[in-house]
Structures are given as C-alpha cells and as structure tokens.
$ cat protein.cif   # mmCIF, C-alpha atoms
data_query
loop_
_atom_site.group_PDB
_atom_site.id
_atom_site.type_symbol
_atom_site.label_atom_id
_atom_site.label_comp_id
_atom_site.auth_asym_id
_atom_site.auth_seq_id
_atom_site.Cartn_x
_atom_site.Cartn_y
_atom_site.Cartn_z
ATOM 1 C CA MET A 303 17.235 15.207 -5.689
ATOM 2 C CA ASN A 304 14.388 12.775 -5.058
ATOM 3 C CA TYR A 305 10.748 13.758 -4.736
ATOM 4 C CA PRO A 306 7.276 12.337 -5.515
ATOM 5 C CA LYS A 307 7.078 11.589 -9.220
ATOM 6 C CA PHE A 308 3.727 13.305 -9.670
ATOM 7 C CA PHE A 309 5.499 16.658 -9.238
ATOM 8 C CA ASN A 310 6.695 16.167 -12.815
ATOM 9 C CA ASP A 311 3.137 15.689 -14.047
ATOM 10 C CA VAL A 312 1.917 19.097 -12.862
ATOM 11 C CA GLU A 313 1.618 21.463 -15.804
ATOM 12 C CA THR A 314 4.405 24.027 -16.092
ATOM 13 C CA ILE A 315 3.784 27.784 -16.194
ATOM 14 C CA SER A 316 5.584 29.750 -18.917
ATOM 15 C CA LEU A 317 5.939 33.527 -18.961
ATOM 16 C CA ILE A 318 7.871 36.353 -20.586
ATOM 17 C CA ASP A 319 9.969 38.410 -18.174
ATOM 18 C CA PRO A 320 11.014 41.701 -19.845
ATOM 19 C CA LEU A 321 13.398 42.551 -17.010
ATOM 20 C CA SER A 322 15.284 39.285 -17.453
ATOM 21 C CA LYS A 323 15.533 39.968 -21.175
ATOM 22 C CA ILE A 324 16.883 43.493 -20.694
ATOM 23 C CA LEU A 325 19.458 42.359 -18.148
ATOM 24 C CA GLY A 326 20.544 39.348 -20.156
ATOM 25 C CA SER A 327 19.434 36.906 -17.473
ATOM 26 C CA LEU A 328 17.170 34.744 -19.639
ATOM 27 C CA GLU A 329 17.239 34.511 -23.415
ATOM 28 C CA ASN A 330 14.320 36.491 -24.859
ATOM 29 C CA GLY A 331 12.990 36.786 -21.306
ATOM 30 C CA PHE A 332 11.406 33.329 -21.495
ATOM 31 C CA VAL A 333 10.962 31.788 -18.049
ATOM 32 C CA GLU A 334 9.314 28.539 -17.031
ATOM 33 C CA PHE A 335 8.171 27.503 -13.583
ATOM 34 C CA ASN A 336 7.239 23.999 -12.518
ATOM 35 C CA TYR A 337 5.710 22.730 -9.319
ATOM 36 C CA ILE A 338 9.044 21.675 -7.865
ATOM 37 C CA ASP A 339 10.161 25.336 -8.076
ATOM 38 C CA SER A 340 7.316 26.311 -5.773
ATOM 39 C CA VAL A 341 8.015 23.369 -3.482
ATOM 40 C CA LYS A 342 11.668 24.370 -3.138
ATOM 41 C CA ALA A 343 10.776 28.013 -2.513
ATOM 42 C CA ALA A 344 8.160 27.121 0.114
ATOM 43 C CA GLY A 345 10.207 24.307 1.639
ATOM 44 C CA HIS A 346 7.364 21.809 1.371
ATOM 45 C CA SER A 347 4.489 20.482 -0.733
ATOM 46 C CA CYS A 348 0.997 20.724 0.709
ATOM 47 C CA PRO A 349 -2.577 21.532 -0.376
ATOM 48 C CA THR A 350 -1.876 25.236 0.213
ATOM 49 C CA VAL A 351 1.289 25.378 -1.901
ATOM 50 C CA GLY A 352 -0.321 23.193 -4.559
ATOM 51 C CA GLY A 353 -3.459 25.309 -4.522
ATOM 52 C CA ALA A 354 -1.519 28.552 -4.900
ATOM 53 C CA TYR A 355 0.376 27.112 -7.856
ATOM 54 C CA LEU A 356 -2.846 25.867 -9.446
ATOM 55 C CA MET A 357 -4.638 29.177 -8.833
ATOM 56 C CA THR A 358 -1.853 31.062 -10.569
ATOM 57 C CA SER A 359 -1.732 28.670 -13.503
ATOM 58 C CA ARG A 360 -5.476 28.854 -14.149
ATOM 59 C CA ALA A 361 -5.672 32.621 -13.669
ATOM 60 C CA LEU A 362 -2.853 33.286 -16.127
ATOM 61 C CA LYS A 363 -4.335 30.936 -18.716
ATOM 62 C CA THR A 364 -7.602 32.862 -18.563
ATOM 63 C CA LEU A 365 -5.987 36.300 -18.634
ATOM 64 C CA TYR A 366 -3.607 35.419 -21.467
ATOM 65 C CA PRO A 367 -5.478 32.989 -23.730
ATOM 66 C CA ASP A 368 -3.433 33.767 -26.842
ATOM 67 C CA SER A 369 -0.038 34.841 -25.521
ATOM 68 C CA LEU A 370 2.430 34.218 -22.736
ATOM 69 C CA PRO A 371 1.786 36.065 -19.465
ATOM 70 C CA VAL A 372 4.113 38.981 -18.796
ATOM 71 C CA ARG A 373 5.932 38.702 -15.499
ATOM 72 C CA GLY A 374 5.865 41.983 -13.598
ATOM 73 C CA GLN A 375 2.674 43.122 -15.359
ATOM 74 C CA ILE A 376 0.217 41.266 -13.130
ATOM 75 C CA LYS A 377 -1.497 42.686 -10.051
ATOM 76 C CA VAL A 378 -2.703 40.288 -7.336
ATOM 77 C CA GLU A 379 -5.215 41.034 -4.576
ATOM 78 C CA PHE A 380 -6.401 39.124 -1.509
ATOM 79 C CA ALA A 381 -9.390 39.578 0.762
ATOM 80 C CA GLU A 382 -7.380 38.552 3.829
ATOM 81 C CA SER A 383 -4.485 40.305 5.493
ATOM 82 C CA LEU A 384 -0.973 39.001 4.947
ATOM 83 C CA GLU A 385 -0.950 37.549 8.459
ATOM 84 C CA ASP A 386 -4.250 35.644 8.155
ATOM 85 C CA GLY A 387 -4.216 31.860 7.877
ATOM 86 C CA THR A 388 -2.288 30.603 4.880
ATOM 87 C CA THR A 389 -2.389 33.892 2.946
ATOM 88 C CA GLY A 390 1.334 34.473 3.450
ATOM 89 C CA VAL A 391 2.224 31.056 2.043
ATOM 90 C CA ILE A 392 -0.109 31.522 -0.926
ATOM 91 C CA SER A 393 1.173 35.014 -1.671
ATOM 92 C CA ASN A 394 4.792 33.836 -1.596
ATOM 93 C CA VAL A 395 4.075 31.147 -4.198
ATOM 94 C CA ILE A 396 2.273 33.654 -6.404
ATOM 95 C CA THR A 397 5.066 36.206 -5.988
ATOM 96 C CA ASN A 398 7.646 33.660 -7.074
ATOM 97 C CA ILE A 399 5.781 33.044 -10.325
ATOM 98 C CA THR A 400 4.318 36.438 -11.234
ATOM 99 C CA GLY A 401 6.939 38.718 -9.675
ATOM 100 C CA ALA A 402 4.219 40.732 -7.914
ATOM 101 C CA THR A 403 5.081 41.970 -4.409
ATOM 102 C CA ASP A 404 3.549 44.440 -1.991
ATOM 103 C CA LYS A 405 6.285 46.890 -0.955
ATOM 104 C CA SER A 406 9.396 44.743 -0.806
ATOM 105 C CA GLY A 407 9.924 44.069 -4.490
ATOM 106 C CA PHE A 408 12.249 45.463 -7.129
ATOM 107 C CA LYS A 409 11.930 49.247 -7.461
ATOM 108 C CA GLY A 410 12.653 49.273 -11.190
ATOM 109 C CA LEU A 411 15.131 50.810 -13.602
ATOM 110 C CA ASN A 412 14.432 54.483 -14.198
ATOM 111 C CA GLY A 413 10.768 53.836 -13.484
ATOM 112 C CA ASN A 414 10.529 50.672 -15.585
ATOM 113 C CA PHE A 415 10.127 47.010 -14.607
ATOM 114 C CA ALA A 416 9.075 47.729 -11.001
ATOM 115 C CA ARG A 417 7.728 44.713 -9.111
ATOM 116 C CA HIS A 418 6.625 46.414 -5.886
ATOM 117 C CA SER A 419 3.080 47.676 -5.228
ATOM 118 C CA LEU A 420 1.577 44.890 -7.331
ATOM 119 C CA MET A 421 0.190 42.824 -4.459
ATOM 120 C CA PHE A 422 -2.523 44.017 -2.098
ATOM 121 C CA PHE A 423 -4.254 42.619 0.978
ATOM 122 C CA ASN A 424 -7.521 43.377 2.817
ATOM 123 C CA VAL A 425 -9.271 44.056 -0.485
ATOM 124 C CA ASP A 426 -13.058 43.874 -0.772
ATOM 125 C CA ILE A 427 -13.339 40.792 -2.992
ATOM 126 C CA GLN A 428 -15.191 37.492 -2.706
ATOM 127 C CA ALA A 429 -12.448 35.194 -3.926
ATOM 128 C CA SER A 430 -9.274 33.444 -2.877
ATOM 129 C CA ALA A 431 -7.373 35.919 -5.060
ATOM 130 C CA ARG A 432 -7.907 38.383 -7.887
ATOM 131 C CA PHE A 433 -5.403 38.612 -10.757
ATOM 132 C CA THR A 434 -5.353 41.658 -13.061
ATOM 133 C CA ARG A 435 -3.438 42.367 -16.274
ATOM 134 C CA LEU A 436 -1.975 45.849 -16.030
ATOM 135 C CA ASP A 437 -1.991 46.415 -19.795
ATOM 136 C CA THR A 438 -5.701 45.685 -20.276
ATOM 137 C CA ASN A 439 -7.102 45.974 -16.712
ATOM 138 C CA GLN A 440 -8.819 42.635 -17.285
ATOM 139 C CA SER A 441 -9.321 40.765 -14.017
ATOM 140 C CA VAL A 442 -10.237 37.267 -12.914
ATOM 141 C CA ASP A 443 -11.331 36.053 -9.514
ATOM 142 C CA VAL A 444 -10.021 32.646 -8.510
ATOM 143 C CA ILE A 445 -11.637 30.491 -5.851
ATOM 144 C CA TYR A 446 -9.740 27.516 -4.468
ATOM 145 C CA ASN A 447 -11.630 24.968 -2.396
ATOM 146 C CA PRO A 448 -9.900 21.621 -1.758
ATOM 147 C CA THR A 449 -12.505 20.298 0.712
ATOM 148 C CA SER A 450 -13.913 17.967 -1.936
ATOM 149 C CA VAL A 451 -10.598 16.089 -1.809
ATOM 150 C CA PRO A 452 -10.310 14.837 1.779
ATOM 151 C CA PRO A 453 -7.185 13.234 3.216
ATOM 152 C CA ASP A 454 -6.922 9.477 3.627
ATOM 153 C CA PRO A 455 -8.604 8.581 6.962
ATOM 154 C CA LYS A 456 -5.425 6.836 8.119
ATOM 155 C CA MET A 457 -3.390 10.035 7.814
ATOM 156 C CA GLN A 458 -4.707 11.573 11.040
ATOM 157 C CA ASN A 459 -3.332 8.751 13.164
ATOM 158 C CA TYR A 460 0.117 9.080 11.615
ATOM 159 C CA MET A 461 -0.005 12.856 12.008
ATOM 160 C CA GLN A 462 -0.740 12.557 15.715
ATOM 161 C CA LYS A 463 2.227 10.257 16.142
ATOM 162 C CA VAL A 464 4.519 12.573 14.191
ATOM 163 C CA LEU A 465 3.468 15.724 16.028
ATOM 164 C CA SER A 466 3.694 14.061 19.444
ATOM 165 C CA GLY A 467 7.183 12.753 18.756
ATOM 166 C CA MET A 468 6.018 9.141 19.070
ATOM 167 C CA ALA A 469 6.421 8.211 15.404
ATOM 168 C CA ASN A 470 9.027 5.754 14.212
ATOM 169 C CA GLU A 471 10.655 5.965 10.773
ATOM 170 C CA ASP A 472 7.962 3.805 9.195
ATOM 171 C CA ASP A 473 5.220 6.042 10.632
ATOM 172 C CA VAL A 474 6.941 9.162 9.298
ATOM 173 C CA GLU A 475 7.319 7.642 5.843
ATOM 174 C CA LYS A 476 3.682 6.522 5.685
ATOM 175 C CA PHE A 477 2.497 9.927 6.884
ATOM 176 C CA GLY A 478 4.480 11.659 4.136
ATOM 177 C CA ILE A 479 3.143 9.286 1.491
ATOM 178 C CA LEU A 480 -0.460 9.893 2.536
ATOM 179 C CA TRP A 481 0.120 13.648 2.791
ATOM 180 C CA GLN A 482 1.481 13.837 -0.756
ATOM 181 C CA ASP A 483 -1.266 11.508 -1.983
ATOM 182 C CA ARG A 484 -3.803 14.206 -1.157
ATOM 183 C CA VAL A 485 -1.704 16.859 -2.903
ATOM 184 C CA LYS A 486 -1.556 14.622 -5.977
ATOM 185 C CA ARG A 487 -5.308 14.107 -5.946
ATOM 186 C CA ILE A 488 -5.790 17.878 -5.777
ATOM 187 C CA LEU A 489 -3.257 18.837 -8.456
ATOM 188 C CA ILE A 490 -3.613 15.936 -10.870
ATOM 189 C CA ASP A 491 -6.869 14.069 -10.350
ATOM 190 C CA ASN A 492 -9.253 16.860 -9.280
ATOM 191 C CA SER A 493 -7.725 20.108 -10.519
ATOM 192 C CA ASP A 494 -10.923 21.044 -12.378
ATOM 193 C CA ASN A 495 -13.027 20.463 -9.267
ATOM 194 C CA VAL A 496 -11.055 22.526 -6.747
ATOM 195 C CA ILE A 497 -10.560 25.692 -8.830
ATOM 196 C CA THR A 498 -13.146 28.170 -10.127
ATOM 197 C CA VAL A 499 -12.082 31.102 -12.311
ATOM 198 C CA LYS A 500 -14.493 33.982 -12.933
ATOM 199 C CA GLU A 501 -13.809 36.765 -15.397
ATOM 200 C CA ILE A 502 -14.962 40.131 -14.039
#

$ encode --input "protein.cif" --output "structure tokens"
Amino acid sequence: MNYPKFFNDVETISLIDPLSKILGSLENGFVEFNYIDSVKAAGHSCPTVGGAYLMTSRALKTLYPDSLPVRGQIKVEFAESLEDGTTGVISNVITNITGATDKSGFKGLNGNFARHSLMFFNVDIQASARFTRLDTNQSVDVIYNPTSVPPDPKMQNYMQKVLSGMANEDDVEKFGILWQDRVKRILIDNSDNVITVKEI
C-alpha cells in the first residue's frame, strides 16, 4: 500500500481499551492509532480528516497528561448538528479513535463498556469540539482553524480541471500532490498554529 510518506510522521495516538482487554482482542487492552488508520476509515486524507485526528490527539494529551487515555471513557460534544458541514466526517474520525458514539455504538456487557450516548451534537459550546473524561469530569475545548495554512495557488486550477472532467493523468497527479501538501503543512509544519486547547 503506497501513500504520502508524511503520513508516517504524524504522531500516533495510544490508548487503553478495557473492552478489548476483557474480550481478549488486544493484549492488556493497548491500542494504537496512526493517521493512516483515519485515512483508511474516512477513505481520504484532507484538512478535515487531518484536523479531526489532530484535535483528538491534542485533547487526549491534555486530558491524560500522566497516563494513557481510556477508550470508551471519553465524551465528545459538538456545537453543530451531525448533518452540518464537515461535522459528520470529524465525528467519524473521533469515534474511530475514542470509541464514543451517539446512539449507534456498543450497548455494553451487563451495563459495562458501553460506547453509545458518548457523543452529542447541537451543544451550547464555543469550540470545534469538547472532550470530557468520564472518570474526572475534566473537559477541554478544542478549536481547529486551518485558514492560516492556505492551499498552493496552483491547486485551484487543477481542481477545476478534475471536477469538470477535463483533467488528464498528469493534472490529477499534480492536484493530489498539492492537496496532500496542504495536509502535510497542517499536520506536520503548523500543528501548533491550527489547534487551540482550552481546559474548562
């Protein structure tokens, strides 16, 4: 499987998943996600998928400074509805990593390890997302703003060709390279500039 090499440079996210431990799925419940996992789940790499991954990584680091995050013990809230803009894409990336779902997730074993009712929409918050530890009720608001990392000016021309069906193979390749160049600049070169985490 071939993909842009910078995917390997994005920091991995490690967690403990008690359900996986109990069911013998993962030794000691240790689970690790990397950016390519999110790309495969979403079907593409873009500023939205990259931003969701980065938001989750930074939020979990802040909530769990001295221990691994516990998958299934994290609540996530959004100001927008599920259908608004890119909220669905972002929530899917976050679900994949944290296990949190709205109503569709795992119902638990005898009341334990439930994953449903951990994700909420249309919440009165001023952030891209709010992450909360269920064991301590500590929360962080995460704001993602990639506008400071604009696309290469040449990308728009290639995009128009691709979307109109007028692009040749060289145009398609160059468009993809420029598209992923912006994702790289967001995730690798400017990750500290596009993400703000506020403890509340």

$ resolve_selection --input "protein.cif" --expression "the PyMOL selection byres ((chain A and resi 359) around 10)" --output "short mmCIF file (atom, residue, chain, number, x, y, z; two decimals) with C-alpha atoms, in the frame of the given file"
data_model
loop_
_atom_site.label_atom_id
_atom_site.label_comp_id
_atom_site.auth_asym_id
_atom_site.auth_seq_id
_atom_site.Cartn_x
_atom_site.Cartn_y
_atom_site.Cartn_z
CA GLU A 313 1.62 21.46 -15.80
CA THR A 314 4.40 24.03 -16.09
CA ILE A 315 3.78 27.78 -16.19
CA SER A 316 5.58 29.75 -18.92
CA PHE A 335 8.17 27.50 -13.58
CA GLY A 353 -3.46 25.31 -4.52
CA ALA A 354 -1.52 28.55 -4.90
CA TYR A 355 0.38 27.11 -7.86
CA LEU A 356 -2.85 25.87 -9.45
CA MET A 357 -4.64 29.18 -8.83
CA THR A 358 -1.85 31.06 -10.57
CA ARG A 360 -5.48 28.85 -14.15
CA ALA A 361 -5.67 32.62 -13.67
CA LEU A 362 -2.85 33.29 -16.13
CA LYS A 363 -4.34 30.94 -18.72
CA THR A 364 -7.60 32.86 -18.56
CA ILE A 396 2.27 33.65 -6.40
CA ILE A 399 5.78 33.04 -10.32
#

$ residues_around --input "protein.cif" --residues "Thr389 of chain A" --least-positions-apart "5" --cutoff "12 Å" --atoms "all atoms listed in the file" --output "PDB file with C-alpha atoms, keeping the file's coordinate frame"
ATOM      1  CA  THR A 350      -1.876  25.236   0.213  1.00  0.00           C
ATOM      2  CA  VAL A 351       1.289  25.378  -1.901  1.00  0.00           C
ATOM      3  CA  GLY A 353      -3.459  25.309  -4.522  1.00  0.00           C
ATOM      4  CA  ALA A 354      -1.519  28.552  -4.900  1.00  0.00           C
ATOM      5  CA  GLU A 379      -5.215  41.034  -4.576  1.00  0.00           C
ATOM      6  CA  PHE A 380      -6.401  39.124  -1.509  1.00  0.00           C
ATOM      7  CA  ALA A 381      -9.390  39.578   0.762  1.00  0.00           C
ATOM      8  CA  GLU A 382      -7.380  38.552   3.829  1.00  0.00           C
ATOM      9  CA  SER A 383      -4.485  40.305   5.493  1.00  0.00           C
ATOM     10  CA  LEU A 384      -0.973  39.001   4.947  1.00  0.00           C
ATOM     11  CA  ASN A 394       4.792  33.836  -1.596  1.00  0.00           C
ATOM     12  CA  VAL A 395       4.075  31.147  -4.198  1.00  0.00           C
ATOM     13  CA  ILE A 396       2.273  33.654  -6.404  1.00  0.00           C
ATOM     14  CA  THR A 397       5.066  36.206  -5.988  1.00  0.00           C
ATOM     15  CA  MET A 421       0.190  42.824  -4.459  1.00  0.00           C
ATOM     16  CA  PHE A 422      -2.523  44.017  -2.098  1.00  0.00           C
ATOM     17  CA  PHE A 423      -4.254  42.619   0.978  1.00  0.00           C
ATOM     18  CA  ASN A 424      -7.521  43.377   2.817  1.00  0.00           C
ATOM     19  CA  SER A 430      -9.274  33.444  -2.877  1.00  0.00           C
ATOM     20  CA  ALA A 431      -7.373  35.919  -5.060  1.00  0.00           C
TER      21      ALA A 431
END

$ atom_distance --input "protein.cif" --atom1 "atom CA of Gly374 of chain A" --atom2 "atom CA of Asn447 of chain A"
26.9 Å

$ closest_residue --input "protein.cif" --among "A:Tyr460, A:Gly352, A:Leu317, A:Ile338" --to "Met303 of chain A" --atoms "all atoms listed in the file"
A:Ile338

$ resolve_selection --input "protein.cif" --expression "the PyMOL selection byres ((chain A and resi 478) around 12)" --output "MDAnalysis selection string"
chainID A and resid 305:306 346:348 453:454 456:458 460:461 464 469 471:477 479:485

$ closest_residue --input "protein.cif" --among "A:Val312, A:Leu436, A:Ala402, A:Ile392" --to "Leu489 of chain A" --atoms "only C-alpha atoms"
A:Val312

$ atom_distance --input "protein.cif" --atom1 "atom CA of Asp386 of chain A" --atom2 "atom CA of Gln428 of chain A"
15.5 Å

$ atom_distance --input "protein.cif" --atom1 "atom CA of Thr498 of chain A" --atom2 "atom CA of Val378 of chain A"
16.2 Å

$ closest_residue --input "protein.cif" --among "A:Val391, A:Val333, A:Leu420, A:Ile324" --to "Phe408 of chain A" --atoms "all atoms listed in the file"
A:Leu420

$ closest_residue --input "protein.cif" --among "A:Leu370, A:Ala343, A:Ile376, A:Ile488" --to "His418 of chain A" --atoms "all atoms listed in the file"
A:Ile376

$ closest_residue --input "protein.cif" --among "A:Asp311, A:Asn304, A:Asn336, A:Tyr446" --to "Asp491 of chain A" --atoms "only C-alpha atoms"
A:Asp311

$ closest_residue --input "protein.cif" --among "A:Tyr366, A:Phe332, A:Tyr337, A:Phe433" --to "Ile318 of chain A" --atoms "only C-alpha atoms"
A:Phe332

$ resolve_selection --input "protein.cif" --expression "the PyMOL selection byres ((chain A and resi 320) around 10)" --output "list in words"
Leu317, Ile318, Asp319, Leu321, Ser322, Lys323, Ile324, Leu325, Gly326, Ser327, Leu328, Asn330, Gly331, Phe332, Val372, Arg373, Gly374, Gln375, Asn414 and Phe415 of chain A

$ axis_aligned_box --input "protein.cif" --around "segment 482-494 of chain A" --padding-each-side "6 Å" --output "lines of an AutoDock Vina configuration file"
center_x = -4.7
center_y = 16.3
center_z = -6.6
size_x = 24.4
size_y = 21.5
size_z = 23.6

$ build_atoms --input "protein.cif" --residues "segment 319-337 of chain A" --atoms "N, CA and C atoms" --output "PDB file, in the coordinates of the input"
ATOM      1  N   ASP A 319       9.498  37.484 -19.197  1.00  0.00           N
ATOM      2  CA  ASP A 319       9.969  38.410 -18.174  1.00  0.00           C
ATOM      3  C   ASP A 319      10.831  39.478 -18.846  1.00  0.00           C
ATOM      4  N   PRO A 320      10.255  40.656 -19.151  1.00  0.00           N
ATOM      5  CA  PRO A 320      11.014  41.701 -19.845  1.00  0.00           C
ATOM      6  C   PRO A 320      12.269  42.137 -19.106  1.00  0.00           C
ATOM      7  N   LEU A 321      12.224  42.147 -17.773  1.00  0.00           N
ATOM      8  CA  LEU A 321      13.398  42.551 -17.010  1.00  0.00           C
ATOM      9  C   LEU A 321      14.550  41.578 -17.231  1.00  0.00           C
ATOM     10  N   SER A 322      14.252  40.288 -17.220  1.00  0.00           N
ATOM     11  CA  SER A 322      15.284  39.285 -17.453  1.00  0.00           C
ATOM     12  C   SER A 322      15.871  39.402 -18.848  1.00  0.00           C
ATOM     13  N   LYS A 323      15.038  39.777 -19.809  1.00  0.00           N
ATOM     14  CA  LYS A 323      15.533  39.968 -21.175  1.00  0.00           C
ATOM     15  C   LYS A 323      16.487  41.155 -21.238  1.00  0.00           C
ATOM     16  N   ILE A 324      16.071  42.273 -20.658  1.00  0.00           N
ATOM     17  CA  ILE A 324      16.883  43.493 -20.694  1.00  0.00           C
ATOM     18  C   ILE A 324      18.233  43.274 -20.020  1.00  0.00           C
ATOM     19  N   LEU A 325      18.233  42.552 -18.916  1.00  0.00           N
ATOM     20  CA  LEU A 325      19.458  42.359 -18.148  1.00  0.00           C
ATOM     21  C   LEU A 325      20.265  41.147 -18.599  1.00  0.00           C
ATOM     22  N   GLY A 326      19.809  40.486 -19.628  1.00  0.00           N
ATOM     23  CA  GLY A 326      20.544  39.348 -20.156  1.00  0.00           C
ATOM     24  C   GLY A 326      20.511  38.119 -19.280  1.00  0.00           C
ATOM     25  N   SER A 327      19.515  38.044 -18.399  1.00  0.00           N
ATOM     26  CA  SER A 327      19.434  36.906 -17.473  1.00  0.00           C
ATOM     27  C   SER A 327      18.862  35.666 -18.136  1.00  0.00           C
ATOM     28  N   LEU A 328      17.832  35.852 -18.964  1.00  0.00           N
ATOM     29  CA  LEU A 328      17.170  34.744 -19.639  1.00  0.00           C
ATOM     30  C   LEU A 328      16.968  35.109 -21.097  1.00  0.00           C
ATOM     31  N   GLU A 329      17.342  34.227 -21.989  1.00  0.00           N
ATOM     32  CA  GLU A 329      17.239  34.511 -23.415  1.00  0.00           C
ATOM     33  C   GLU A 329      15.809  34.842 -23.804  1.00  0.00           C
ATOM     34  N   ASN A 330      15.632  35.989 -24.424  1.00  0.00           N
ATOM     35  CA  ASN A 330      14.320  36.491 -24.859  1.00  0.00           C
ATOM     36  C   ASN A 330      13.349  36.679 -23.702  1.00  0.00           C
ATOM     37  N   GLY A 331      13.854  36.596 -22.465  1.00  0.00           N
ATOM     38  CA  GLY A 331      12.990  36.786 -21.306  1.00  0.00           C
ATOM     39  C   GLY A 331      12.079  35.612 -21.013  1.00  0.00           C
ATOM     40  N   PHE A 332      12.283  34.488 -21.706  1.00  0.00           N
ATOM     41  CA  PHE A 332      11.406  33.329 -21.495  1.00  0.00           C
ATOM     42  C   PHE A 332      11.764  32.647 -20.181  1.00  0.00           C
ATOM     43  N   VAL A 333      10.746  32.438 -19.336  1.00  0.00           N
ATOM     44  CA  VAL A 333      10.962  31.788 -18.049  1.00  0.00           C
ATOM     45  C   VAL A 333       9.871  30.749 -17.832  1.00  0.00           C
ATOM     46  N   GLU A 334      10.254  29.637 -17.264  1.00  0.00           N
ATOM     47  CA  GLU A 334       9.314  28.539 -17.031  1.00  0.00           C
ATOM     48  C   GLU A 334       9.401  28.094 -15.580  1.00  0.00           C
ATOM     49  N   PHE A 335       8.252  27.989 -14.950  1.00  0.00           N
ATOM     50  CA  PHE A 335       8.171  27.503 -13.583  1.00  0.00           C
ATOM     51  C   PHE A 335       7.464  26.157 -13.575  1.00  0.00           C
ATOM     52  N   ASN A 336       7.958  25.249 -12.736  1.00  0.00           N
ATOM     53  CA  ASN A 336       7.239  23.999 -12.518  1.00  0.00           C
ATOM     54  C   ASN A 336       6.944  23.861 -11.027  1.00  0.00           C
ATOM     55  N   TYR A 337       6.160  22.856 -10.703  1.00  0.00           N
ATOM     56  CA  TYR A 337       5.710  22.730  -9.319  1.00  0.00           C
ATOM     57  C   TYR A 337       6.871  22.567  -8.353  1.00  0.00           C
TER      58      TYR A 337
END
